[in-house]
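The structure file work_20.tsv is reproduced below (TSV, C-alpha atoms).
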```
chain	number	residue	atom	x	y	z
B	436	MET	CA	-4.18	7.26	25.62
B	437	ILE	CA	-6.46	4.72	23.98
B	438	SER	CA	-5.38	2.38	21.21
B	439	LEU	CA	-6.83	-0.56	19.31
B	440	ALA	CA	-4.77	-3.59	20.30
B	441	LEU	CA	-4.77	-6.90	18.48
B	442	ILE	CA	-4.55	-9.15	21.54
B	443	ARG	CA	-4.75	-12.44	19.65
B	444	ASN	CA	-5.73	-13.66	16.20
B	445	LYS	CA	-9.16	-12.23	15.23
B	446	LYS	CA	-9.52	-10.42	18.55
B	447	PHE	CA	-9.20	-6.65	19.04
B	448	LYS	CA	-9.59	-4.68	22.24
B	449	ILE	CA	-9.60	-0.97	23.02
B	450	VAL	CA	-6.94	-0.47	25.70
B	451	ASN	CA	-5.80	2.52	27.71
B	452	LYS	CA	-2.02	2.83	27.70
B	453	SER	CA	0.19	5.32	29.49
B	454	LEU	CA	2.56	7.31	27.30
B	455	LYS	CA	6.25	6.55	27.76
B	456	LYS	CA	8.91	9.19	28.08
B	457	LEU	CA	9.57	10.71	24.65
B	458	LYS	CA	12.95	9.78	23.16
B	459	SER	CA	15.24	12.67	22.28
B	460	ASP	CA	15.12	12.04	18.51
B	461	HIS	CA	11.37	11.32	18.37
B	462	CYS	CA	8.23	13.39	17.92
B	463	ARG	CA	4.90	12.63	19.58
B	464	ILE	CA	2.15	12.55	16.97
B	465	ASN	CA	-1.55	13.00	17.71
B	466	ILE	CA	-3.01	10.67	15.05
B	467	LEU	CA	-5.77	12.42	13.10
B	468	ALA	CA	-6.57	9.85	10.42
B	469	SER	CA	-5.22	6.37	9.79
B	470	GLY	CA	-5.81	4.25	6.70
B	471	ILE	CA	-6.59	0.55	6.90
B	472	CYS	CA	-4.15	-1.28	4.61
B	473	ALA	CA	-5.07	-4.52	2.85
B	474	SER	CA	-2.12	-6.12	4.66
B	475	ASP	CA	-3.71	-5.33	8.04
B	476	ILE	CA	-6.50	-7.87	7.43
B	477	PRO	CA	-4.44	-11.08	7.05
B	478	ARG	CA	-2.15	-9.85	9.81
B	479	ALA	CA	-5.14	-9.59	12.14
B	480	TYR	CA	-7.27	-12.51	10.97
B	481	ASP	CA	-4.91	-15.08	9.43
B	482	SER	CA	-2.35	-15.37	12.26
B	483	MET	CA	0.21	-13.22	10.46
B	484	ALA	CA	1.03	-10.88	13.36
B	485	TYR	CA	4.65	-10.94	14.56
B	486	HIS	CA	3.54	-10.75	18.19
B	487	TYR	CA	0.62	-9.97	20.50
B	488	PRO	CA	-0.53	-7.52	21.63
B	489	LEU	CA	0.07	-5.36	18.56
B	490	VAL	CA	-1.29	-1.99	17.47
B	491	LEU	CA	-1.70	-2.04	13.70
B	492	GLY	CA	-1.62	0.91	11.31
B	493	HIS	CA	1.11	2.40	9.13
B	494	GLU	CA	-0.80	4.80	6.82
B	495	PHE	CA	-1.53	7.95	8.77
B	496	VAL	CA	-1.45	11.68	9.20
B	497	GLY	CA	-1.17	13.50	12.51
B	498	ARG	CA	-0.18	16.65	14.34
B	499	ILE	CA	3.06	16.95	16.32
B	500	THR	CA	2.29	17.71	19.97
B	501	GLU	CA	5.74	17.24	21.50
B	502	ILE	CA	9.33	17.07	20.23
B	503	GLY	CA	12.46	15.49	21.66
B	504	ASN	CA	15.41	17.71	22.57
B	505	ARG	CA	17.42	16.49	19.56
B	506	VAL	CA	14.68	17.15	16.99
B	507	THR	CA	15.71	19.96	14.64
B	508	LYS	CA	13.51	19.84	11.52
B	509	PHE	CA	10.02	19.66	13.01
B	510	ASN	CA	7.96	21.78	15.37
B	511	ARG	CA	4.85	21.42	17.49
B	512	GLY	CA	1.78	21.87	15.33
B	513	ASP	CA	3.35	20.46	12.14
B	514	ILE	CA	1.12	18.10	10.17
B	515	VAL	CA	3.08	14.96	9.27
B	516	SER	CA	2.91	11.46	7.89
B	517	ALA	CA	5.68	8.88	8.21
B	518	PHE	CA	7.65	6.43	6.12
B	519	PRO	CA	6.71	3.32	8.15
B	520	LEU	CA	9.89	1.31	7.63
B	521	VAL	CA	12.58	1.85	10.28
B	522	PRO	CA	15.94	1.02	8.63
B	523	CYS	CA	18.88	-0.54	10.44
B	524	CYS	CA	20.80	2.74	10.37
B	525	LEU	CA	18.27	3.96	12.98
B	526	HIS	CA	17.53	0.96	15.16
B	527	LYS	CA	20.82	-0.99	15.12
B	528	LYS	CA	23.08	-0.31	18.09
B	529	THR	CA	26.22	-1.21	16.15
B	530	VAL	CA	27.81	0.77	13.33
B	531	ASN	CA	27.44	-2.11	10.86
B	532	ILE	CA	24.82	-0.55	8.62
B	533	CYS	CA	23.65	-2.75	5.73
B	534	GLU	CA	24.83	-2.05	2.19
B	535	ASN	CA	21.35	-0.99	1.03
B	536	CYS	CA	21.06	1.71	3.69
B	537	ASN	CA	24.55	2.91	2.79
B	538	GLU	CA	23.29	3.31	-0.78
B	539	GLU	CA	20.11	5.10	0.46
B	540	LYS	CA	17.92	2.20	-0.64
B	541	PHE	CA	16.17	2.26	2.70
B	542	ASN	CA	13.14	0.25	1.56
B	543	LEU	CA	15.55	-2.63	0.84
B	544	CYS	CA	17.14	-2.58	4.31
B	545	ASN	CA	18.32	-6.03	5.40
B	546	ASN	CA	17.37	-5.60	9.06
B	547	TYR	CA	14.41	-3.26	9.36
B	548	SER	CA	11.59	-2.69	11.80
B	549	TYR	CA	8.14	-1.43	10.83
B	550	TYR	CA	5.44	0.68	12.45
B	551	GLY	CA	2.19	-1.23	12.65
B	552	SER	CA	3.63	-4.72	12.21
B	553	ARG	CA	6.87	-5.22	14.13
B	554	ILE	CA	6.33	-2.29	16.47
B	555	ASP	CA	3.11	-0.53	17.44
B	556	GLY	CA	1.47	1.65	14.82
B	557	SER	CA	-1.16	4.31	14.25
B	558	PHE	CA	-4.47	2.76	15.36
B	559	ALA	CA	-4.10	4.89	18.48
B	560	GLU	CA	-4.52	8.42	19.80
B	561	PHE	CA	-0.76	9.02	19.86
B	562	LEU	CA	2.35	7.52	18.29
B	563	ASP	CA	6.00	8.39	18.95
B	564	VAL	CA	7.96	8.42	15.69
B	565	ASN	CA	11.65	8.92	14.95
B	566	GLN	CA	12.14	12.31	13.28
B	567	TRP	CA	14.00	10.57	10.43
B	568	ASN	CA	10.79	8.84	9.35
B	569	LEU	CA	8.60	11.94	9.36
B	570	PHE	CA	7.35	13.71	6.25
B	571	LYS	CA	5.79	17.16	6.54
B	572	VAL	CA	2.37	17.40	4.88
B	573	SER	CA	0.64	20.54	3.61
B	574	LYS	CA	-1.98	21.91	5.98
B	575	ASN	CA	-4.13	22.63	2.92
B	576	LEU	CA	-4.84	18.94	2.43
B	577	PRO	CA	-7.84	17.31	4.14
B	578	PHE	CA	-6.64	14.82	6.75
B	579	GLU	CA	-8.36	11.87	5.04
B	580	GLN	CA	-6.41	12.53	1.83
B	581	SER	CA	-3.14	13.11	3.68
B	582	SER	CA	-3.46	9.68	5.27
B	583	LEU	CA	-3.27	8.16	1.76
B	584	ILE	CA	0.23	9.44	1.04
B	585	GLU	CA	1.99	6.20	2.05
B	586	PRO	CA	0.14	3.85	-0.38
B	587	LEU	CA	0.31	6.56	-3.05
B	588	ALA	CA	4.11	6.62	-2.62
B	589	VAL	CA	4.10	2.84	-3.19
B	590	VAL	CA	2.25	3.42	-6.48
B	591	PHE	CA	4.90	5.92	-7.58
B	592	ASN	CA	7.54	3.32	-6.78
B	593	ILE	CA	5.73	0.84	-9.06
B	594	ILE	CA	5.55	3.40	-11.87
B	595	SER	CA	9.23	4.31	-11.44
B	596	LYS	CA	10.09	0.75	-12.52
B	597	PHE	CA	8.75	1.43	-16.03
B	598	LYS	CA	9.24	5.21	-16.24
B	599	ASN	CA	11.14	4.83	-19.54
B	600	ASP	CA	7.93	3.48	-21.06
B	601	LEU	CA	5.72	6.38	-19.98
B	602	ASN	CA	6.30	8.35	-23.18
B	603	ASN	CA	5.49	5.40	-25.43
B	604	LYS	CA	2.01	4.05	-26.07
B	605	LYS	CA	1.67	0.85	-24.06
B	606	LYS	CA	-1.11	-1.55	-23.26
B	607	VAL	CA	-1.20	-1.94	-19.46
B	608	LEU	CA	-3.20	-4.46	-17.43
B	609	ILE	CA	-3.78	-3.91	-13.69
B	610	LEU	CA	-4.70	-7.11	-11.88
B	611	GLY	CA	-6.94	-5.98	-9.04
B	612	ALA	CA	-9.32	-3.02	-8.74
B	613	GLY	CA	-8.70	-2.61	-5.02
B	614	PHE	CA	-7.19	0.51	-3.52
B	615	LEU	CA	-3.71	0.08	-5.01
B	616	GLY	CA	-5.09	-0.75	-8.46
B	617	GLN	CA	-7.48	2.20	-8.31
B	618	ILE	CA	-4.68	4.64	-7.47
B	619	LEU	CA	-2.50	3.21	-10.23
B	620	ALA	CA	-5.22	3.77	-12.82
B	621	ARG	CA	-5.73	7.35	-11.67
B	622	VAL	CA	-2.05	8.25	-11.61
B	623	LEU	CA	-1.43	6.70	-15.05
B	624	LYS	CA	-4.42	8.62	-16.42
B	625	LYS	CA	-2.69	11.82	-15.30
B	626	ILE	CA	0.90	11.18	-16.31
B	627	ALA	CA	0.59	8.75	-19.25
B	628	ARG	CA	-2.68	9.63	-21.00
B	629	HIS	CA	-1.74	7.77	-24.20
B	630	HIS	CA	-1.46	4.43	-22.36
B	631	GLN	CA	-4.33	1.99	-22.67
B	632	VAL	CA	-5.02	0.97	-19.06
B	633	HIS	CA	-7.12	-2.16	-18.52
B	634	ILE	CA	-8.32	-3.49	-15.14
B	635	LEU	CA	-9.32	-7.02	-14.13
B	636	ASP	CA	-11.15	-7.83	-10.90
B	637	ARG	CA	-13.89	-10.10	-9.55
B	638	ASN	CA	-15.84	-7.20	-8.00
B	639	ARG	CA	-18.18	-5.22	-10.27
B	640	PHE	CA	-18.48	-2.33	-7.81
B	641	LYS	CA	-14.72	-1.75	-7.88
B	642	LEU	CA	-14.50	-2.11	-11.64
B	643	ASN	CA	-17.19	0.56	-12.03
B	644	LEU	CA	-15.12	2.92	-9.86
B	645	GLY	CA	-12.26	2.53	-12.33
B	646	LYS	CA	-14.26	3.10	-15.51
B	647	LYS	CA	-13.35	6.77	-15.94
B	648	PHE	CA	-9.67	5.96	-15.60
B	649	SER	CA	-9.32	2.87	-17.79
B	650	THR	CA	-9.85	1.76	-21.36
B	651	ALA	CA	-11.53	-1.53	-20.47
B	652	GLN	CA	-12.61	-3.50	-17.39
B	653	TYR	CA	-12.82	-7.29	-17.12
B	654	LEU	CA	-15.01	-9.09	-14.61
B	655	SER	CA	-13.65	-12.42	-13.39
B	656	ILE	CA	-16.17	-14.60	-11.50
B	657	LYS	CA	-17.12	-18.08	-12.68
B	658	LYS	CA	-14.58	-20.74	-13.68
B	659	LYS	CA	-16.07	-21.20	-17.14
B	660	GLU	CA	-16.04	-17.45	-17.78
B	661	ASN	CA	-12.49	-17.21	-16.41
B	662	SER	CA	-11.29	-19.82	-18.90
B	663	TYR	CA	-12.72	-17.80	-21.77
B	664	LEU	CA	-11.38	-14.55	-20.34
B	665	LYS	CA	-7.87	-15.92	-19.91
B	666	LYS	CA	-7.89	-17.12	-23.50
B	667	GLU	CA	-9.05	-13.70	-24.67
B	668	LEU	CA	-6.35	-11.83	-22.72
B	669	ASN	CA	-3.49	-14.27	-23.33
B	670	SER	CA	-0.30	-12.43	-24.42
B	671	LYS	CA	-2.11	-9.13	-25.02
B	672	PHE	CA	-0.31	-6.66	-22.73
B	673	ASP	CA	3.03	-4.86	-22.75
B	674	ILE	CA	2.93	-4.31	-18.98
B	675	VAL	CA	1.03	-6.31	-16.35
B	676	ILE	CA	0.92	-5.14	-12.72
B	677	GLU	CA	-0.23	-7.56	-10.02
B	678	THR	CA	-1.65	-5.67	-7.01
B	679	THR	CA	-3.79	-8.24	-5.17
B	680	GLY	CA	-1.40	-10.77	-3.66
B	681	ASN	CA	-3.62	-13.57	-4.98
B	682	ASN	CA	-1.36	-16.49	-5.87
B	683	GLU	CA	-3.26	-17.33	-9.09
B	684	CYS	CA	-2.89	-13.73	-10.26
B	685	PHE	CA	0.88	-14.14	-10.06
B	686	LYS	CA	0.58	-16.86	-12.70
B	687	ASP	CA	-2.02	-15.00	-14.74
B	688	ALA	CA	0.30	-11.99	-14.98
B	689	ILE	CA	2.77	-14.09	-16.95
B	690	MET	CA	0.04	-15.52	-19.17
B	691	PHE	CA	-1.35	-12.08	-20.04
B	692	THR	CA	2.02	-10.52	-20.90
B	693	LYS	CA	3.25	-10.17	-24.47
B	694	LYS	CA	6.60	-11.45	-25.64
B	695	ASP	CA	9.33	-9.14	-24.38
B	696	GLY	CA	6.81	-7.65	-21.96
B	697	LYS	CA	7.12	-6.65	-18.31
B	698	VAL	CA	5.49	-8.03	-15.18
B	699	PHE	CA	5.48	-6.19	-11.86
B	700	TYR	CA	4.58	-7.96	-8.62
B	701	SER	CA	3.48	-5.47	-5.95
B	702	GLY	CA	0.87	-7.38	-3.92
B	703	ASN	CA	1.90	-9.36	-0.84
B	704	ILE	CA	1.26	-12.97	-1.87
B	705	ASN	CA	-1.43	-14.65	0.25
B	706	LYS	CA	-0.29	-18.29	0.13
B	707	SER	CA	2.27	-20.64	-1.40
B	708	LEU	CA	2.66	-20.72	-5.14
B	709	VAL	CA	3.96	-23.49	-7.40
B	710	PHE	CA	4.78	-22.91	-11.05
B	711	LYS	CA	4.29	-25.76	-13.49
B	712	LYS	CA	6.90	-26.60	-16.10
B	713	ASN	CA	4.94	-25.04	-18.97
B	714	GLU	CA	4.40	-21.85	-16.95
B	715	VAL	CA	8.13	-21.44	-16.40
B	716	SER	CA	8.69	-22.17	-20.10
B	717	ASP	CA	6.28	-19.34	-20.86
B	718	ILE	CA	8.56	-16.93	-18.98
B	719	LEU	CA	11.56	-18.12	-20.98
B	720	ARG	CA	9.95	-18.26	-24.41
B	721	LYS	CA	8.36	-14.85	-24.02
B	722	GLN	CA	11.53	-13.36	-22.52
B	723	ILE	CA	9.42	-11.65	-19.89
B	724	ASN	CA	11.07	-9.15	-17.58
B	725	ILE	CA	9.72	-9.77	-14.04
B	726	LYS	CA	10.32	-7.26	-11.26
B	727	GLY	CA	9.22	-7.13	-7.65
B	728	VAL	CA	8.22	-3.85	-6.02
B	729	TRP	CA	8.60	-3.33	-2.28
B	730	ASN	CA	7.40	-0.31	-0.32
B	731	SER	CA	8.57	3.11	-1.55
B	732	SER	CA	11.73	5.19	-1.86
B	733	PHE	CA	12.35	7.81	0.82
B	734	LYS	CA	15.08	10.38	1.53
B	735	CYS	CA	16.82	9.85	-1.80
B	736	ASN	CA	16.93	11.50	-5.24
B	737	ASN	CA	13.91	9.60	-6.54
B	738	ASN	CA	11.74	10.33	-3.49
B	739	ASN	CA	8.34	8.68	-4.03
B	740	TRP	CA	6.94	10.57	-1.03
B	741	LYS	CA	7.56	13.96	-2.64
B	742	GLN	CA	5.93	12.68	-5.83
B	743	ALA	CA	2.91	11.42	-3.89
B	744	HIS	CA	2.55	14.69	-1.97
B	745	SER	CA	2.70	16.72	-5.17
B	746	PHE	CA	0.01	14.51	-6.74
B	747	LEU	CA	-2.29	14.93	-3.73
B	748	LEU	CA	-1.97	18.72	-3.90
B	749	LYS	CA	-3.04	18.77	-7.57
B	750	SER	CA	-5.61	15.99	-7.66
B	751	LYS	CA	-8.93	15.22	-5.98
B	752	GLU	CA	-9.48	11.80	-7.60
B	753	LEU	CA	-8.61	9.79	-4.51
B	754	GLU	CA	-11.43	11.16	-2.32
B	755	GLU	CA	-14.04	8.85	-3.83
B	756	LEU	CA	-11.95	5.79	-2.91
B	757	ILE	CA	-12.59	6.34	0.81
B	758	THR	CA	-15.69	4.20	1.16
B	759	HIS	CA	-15.74	3.70	4.93
B	760	GLU	CA	-14.92	6.00	7.88
B	761	ILE	CA	-15.16	5.24	11.59
B	762	ASN	CA	-13.85	6.52	14.92
B	763	LEU	CA	-11.13	4.74	16.85
B	764	GLU	CA	-13.44	3.41	19.57
B	765	ASN	CA	-15.56	1.51	17.02
B	766	SER	CA	-12.80	0.59	14.56
B	767	ALA	CA	-12.70	-3.12	15.45
B	768	GLN	CA	-16.21	-3.43	14.03
B	769	LEU	CA	-15.08	-2.05	10.67
B	770	LEU	CA	-12.06	-4.37	10.57
B	771	ASP	CA	-14.34	-7.35	11.23
B	772	THR	CA	-16.63	-6.17	8.41
B	773	ILE	CA	-13.75	-5.79	5.95
B	774	ASN	CA	-12.54	-9.30	6.76
B	775	GLU	CA	-16.03	-10.72	6.17
B	776	MET	CA	-16.27	-8.90	2.83
B	777	LYS	CA	-12.89	-10.22	1.73
B	778	LYS	CA	-13.97	-13.74	2.69
B	779	GLY	CA	-17.16	-13.35	0.62
B	780	LYS	CA	-19.48	-13.46	3.63
B	781	ARG	CA	-21.16	-10.15	2.80
B	782	LYS	CA	-21.54	-7.74	-0.10
B	783	ASN	CA	-18.20	-6.11	-0.86
B	784	ASP	CA	-18.53	-2.39	-1.49
B	785	TYR	CA	-15.25	-1.60	0.22
B	786	VAL	CA	-12.17	0.10	-1.23
B	787	LYS	CA	-10.57	2.11	1.58
B	788	GLY	CA	-11.34	2.57	5.26
B	789	ILE	CA	-10.16	5.47	7.42
B	790	ILE	CA	-10.04	5.55	11.21
B	791	LYS	CA	-10.61	9.15	12.30
B	792	ASN	CA	-9.45	10.74	15.57
B	793	TYR	CA	-10.87	14.24	15.16
```
Write out the structure in this file as structure tokens.
Amino acid sequence: MISLALIRNKKFKIVNKSLKKLKSDHCRINILASGICASDIPRAYDSMAYHYPLVLGHEFVGRITEIGNRVTKFNRGDIVSAFPLVPCCLHKKTVNICENCNEEKFNLCNNYSYYGSRIDGSFAEFLDVNQWNLFKVSKNLPFEQSSLIEPLAVVFNIISKFKNDLNNKKKVLILGAGFLGQILARVLKKIARHHQVHILDRNRFKLNLGKKFSTAQYLSIKKKENSYLKKELNSKFDIVIETTGNNECFKDAIMFTKKDGKVFYSGNINKSLVFKKNEVSDILRKQINIKGVWNSSFKCNNNNWKQAHSFLLKSKELEELITHEINLENSAQLLDTINEMKKGKRKNDYVKGIIKNY
């Protein structure tokens, strides 16, 4: 099979790999569509890979072509996606399972592995996946949409952290109009119509994509304008959700939150962050409730994957967020382009890229 291997920082290569013998509790998946996650770019271009070579990709949909002899809940021909985190209850050889896995908080596992970062992922023709991680997807969904189920599940995990506020009118600010921020705006428009959803980003193209799903959009570009904008938005929002990973946005989230408000950090921070004394005082004096959000819940009562799947079946709003599609053989070119856009080296009209294998 062919796969896109990251052989060193900033260097991809299409390689031909032989398939290993299928493990008894695994299914062999023919990858049909694989989403490019924002986290794939720093992993590939900012020396954040755990090892080389590495096949990236953890947002995908595929068709089962082969099953191990201990697989009981899946069959050949099933269309599936996968929870990409491999908890210790699967990969540890001892019986000492961590307390979070025992409580079915698998996304909080203390000793996990991960498809597409710690082990090879879905930028390939085939991927062998433990049956535990698989999630059956409706065959009525287009493959491109099905590949979005993993980040959509993350969004439902974010929303679950303030679900008690969904029935009350709240003023919400989303920091970042990238893919995660765009999904958030669309989901909130569906399930909390009375909320006032505001979006802040430095990209006008992305803000325009969010217009139908938000009350107001704020463009952040020049330093002088930013100073005015920060003054205007200071302490104005009940809920602020940081989705970008930009270290300054982590601070801005606190500034923009009202007294007794809530801040949710969901973006992977891109570099070190230092809080000044007055910024910490702001947290105290406002009595802000800060919560981190990591991955999504899976195989538990509050299953974000079931919520995401149900949303995809009823909604078509996510289709327009797929701005770039490419085949596997030429996918390195798209990844290079995305990196250049994120670095400001070319016009950024990117929201979501899909690598197609069909």
Contact table segment 569-665 of chain B vs segment 718-726 of chain B, cut-off 12 Å, shortest pair per residue, only C-alpha atoms, as JSON lines:
```
{"residue": "B:Asn592", "atom": "CA", "partner": "B:Lys726", "partner_atom": "CA", "distance": 11.8}
{"residue": "B:Ile593", "atom": "CA", "partner": "B:Lys726", "partner_atom": "CA", "distance": 9.6}
{"residue": "B:Ile594", "atom": "CA", "partner": "B:Lys726", "partner_atom": "CA", "distance": 11.7}
{"residue": "B:Ser595", "atom": "CA", "partner": "B:Lys726", "partner_atom": "CA", "distance": 11.6}
{"residue": "B:Lys596", "atom": "CA", "partner": "B:Lys726", "partner_atom": "CA", "distance": 8.1}
{"residue": "B:Phe597", "atom": "CA", "partner": "B:Lys726", "partner_atom": "CA", "distance": 10.0}
```
**Item:** Among listed residues B:Asn661, B:Asn638, B:Glu714, B:Gly470, nearest Glu760 of chain B (using all atoms listed in the file)
**Value:**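 Comparing B:Asn661, B:Asn638, B:Glu714, B:Gly470 against Glu760 of chain B, the winner is B:Gly470.
Ranking B:Met776, B:Leu569, B:Ile437, B:Ala620 by their shortest atom-to-atom distance to Val590 of chain B, with all atoms listed in the file included, puts B:Ala620 first.
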**Prompt:** With only C-alpha atoms as the atoms that count, which of B:Ala479, B:Ile499, B:Leu491, B:Ile584 lies nearest to Ile466 of chain B?
**Reply:** B:Ile499
**Complete:** In Å and to one decimal, atom CA of Asp717 of chain B is distant from atom CA of Lys694 of chain B by 9.2 Å
**Request:** Write out as number ranges by chain each polymer residue whose atoms come within 12 Å of Glu538 of chain B, counting all atoms listed in the file; drop sequence neighbours fewer than 2 positions from it.
**Result:** B: 524, 532-536, 540-544, 732-736
**Of the listed residues B:Ala743, B:Glu560, B:Asp481, B:Asp673, that which approaches Leu619 of chain B most closely, counting only C-alpha atoms** = B:Ala743
**Message:** So the first atom is atom CA of Glu764 of chain B and the second is atom CA of Leu439 of chain B; what is the distance between them in Å, to one decimal place?
**Reply:**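 Here the two named atoms are 7.7 Å from each other.
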**Asked** Please, what distance in Å, to one decimal, runs between atom CA of Glu585 of chain B and atom CA of His493 of chain B?
**Response** 8.1 Å
Excluding Gly512 of chain B and any residue of its chain fewer than 5 positions from it, enumerate the residues within 10 Å of it, using all atoms listed in the file, and give them as a PDB file with C-alpha atoms, keeping the file's coordinate frame.
```
ATOM      1  CA  ILE B 464       2.150  12.550  16.970  1.00  0.00           C
ATOM      2  CA  ASN B 465      -1.550  13.000  17.710  1.00  0.00           C
ATOM      3  CA  GLY B 497      -1.170  13.500  12.510  1.00  0.00           C
ATOM      4  CA  ARG B 498      -0.180  16.650  14.340  1.00  0.00           C
ATOM      5  CA  ILE B 499       3.060  16.950  16.320  1.00  0.00           C
ATOM      6  CA  THR B 500       2.290  17.710  19.970  1.00  0.00           C
ATOM      7  CA  GLU B 501       5.740  17.240  21.500  1.00  0.00           C
TER       8      GLU B 501
END
```
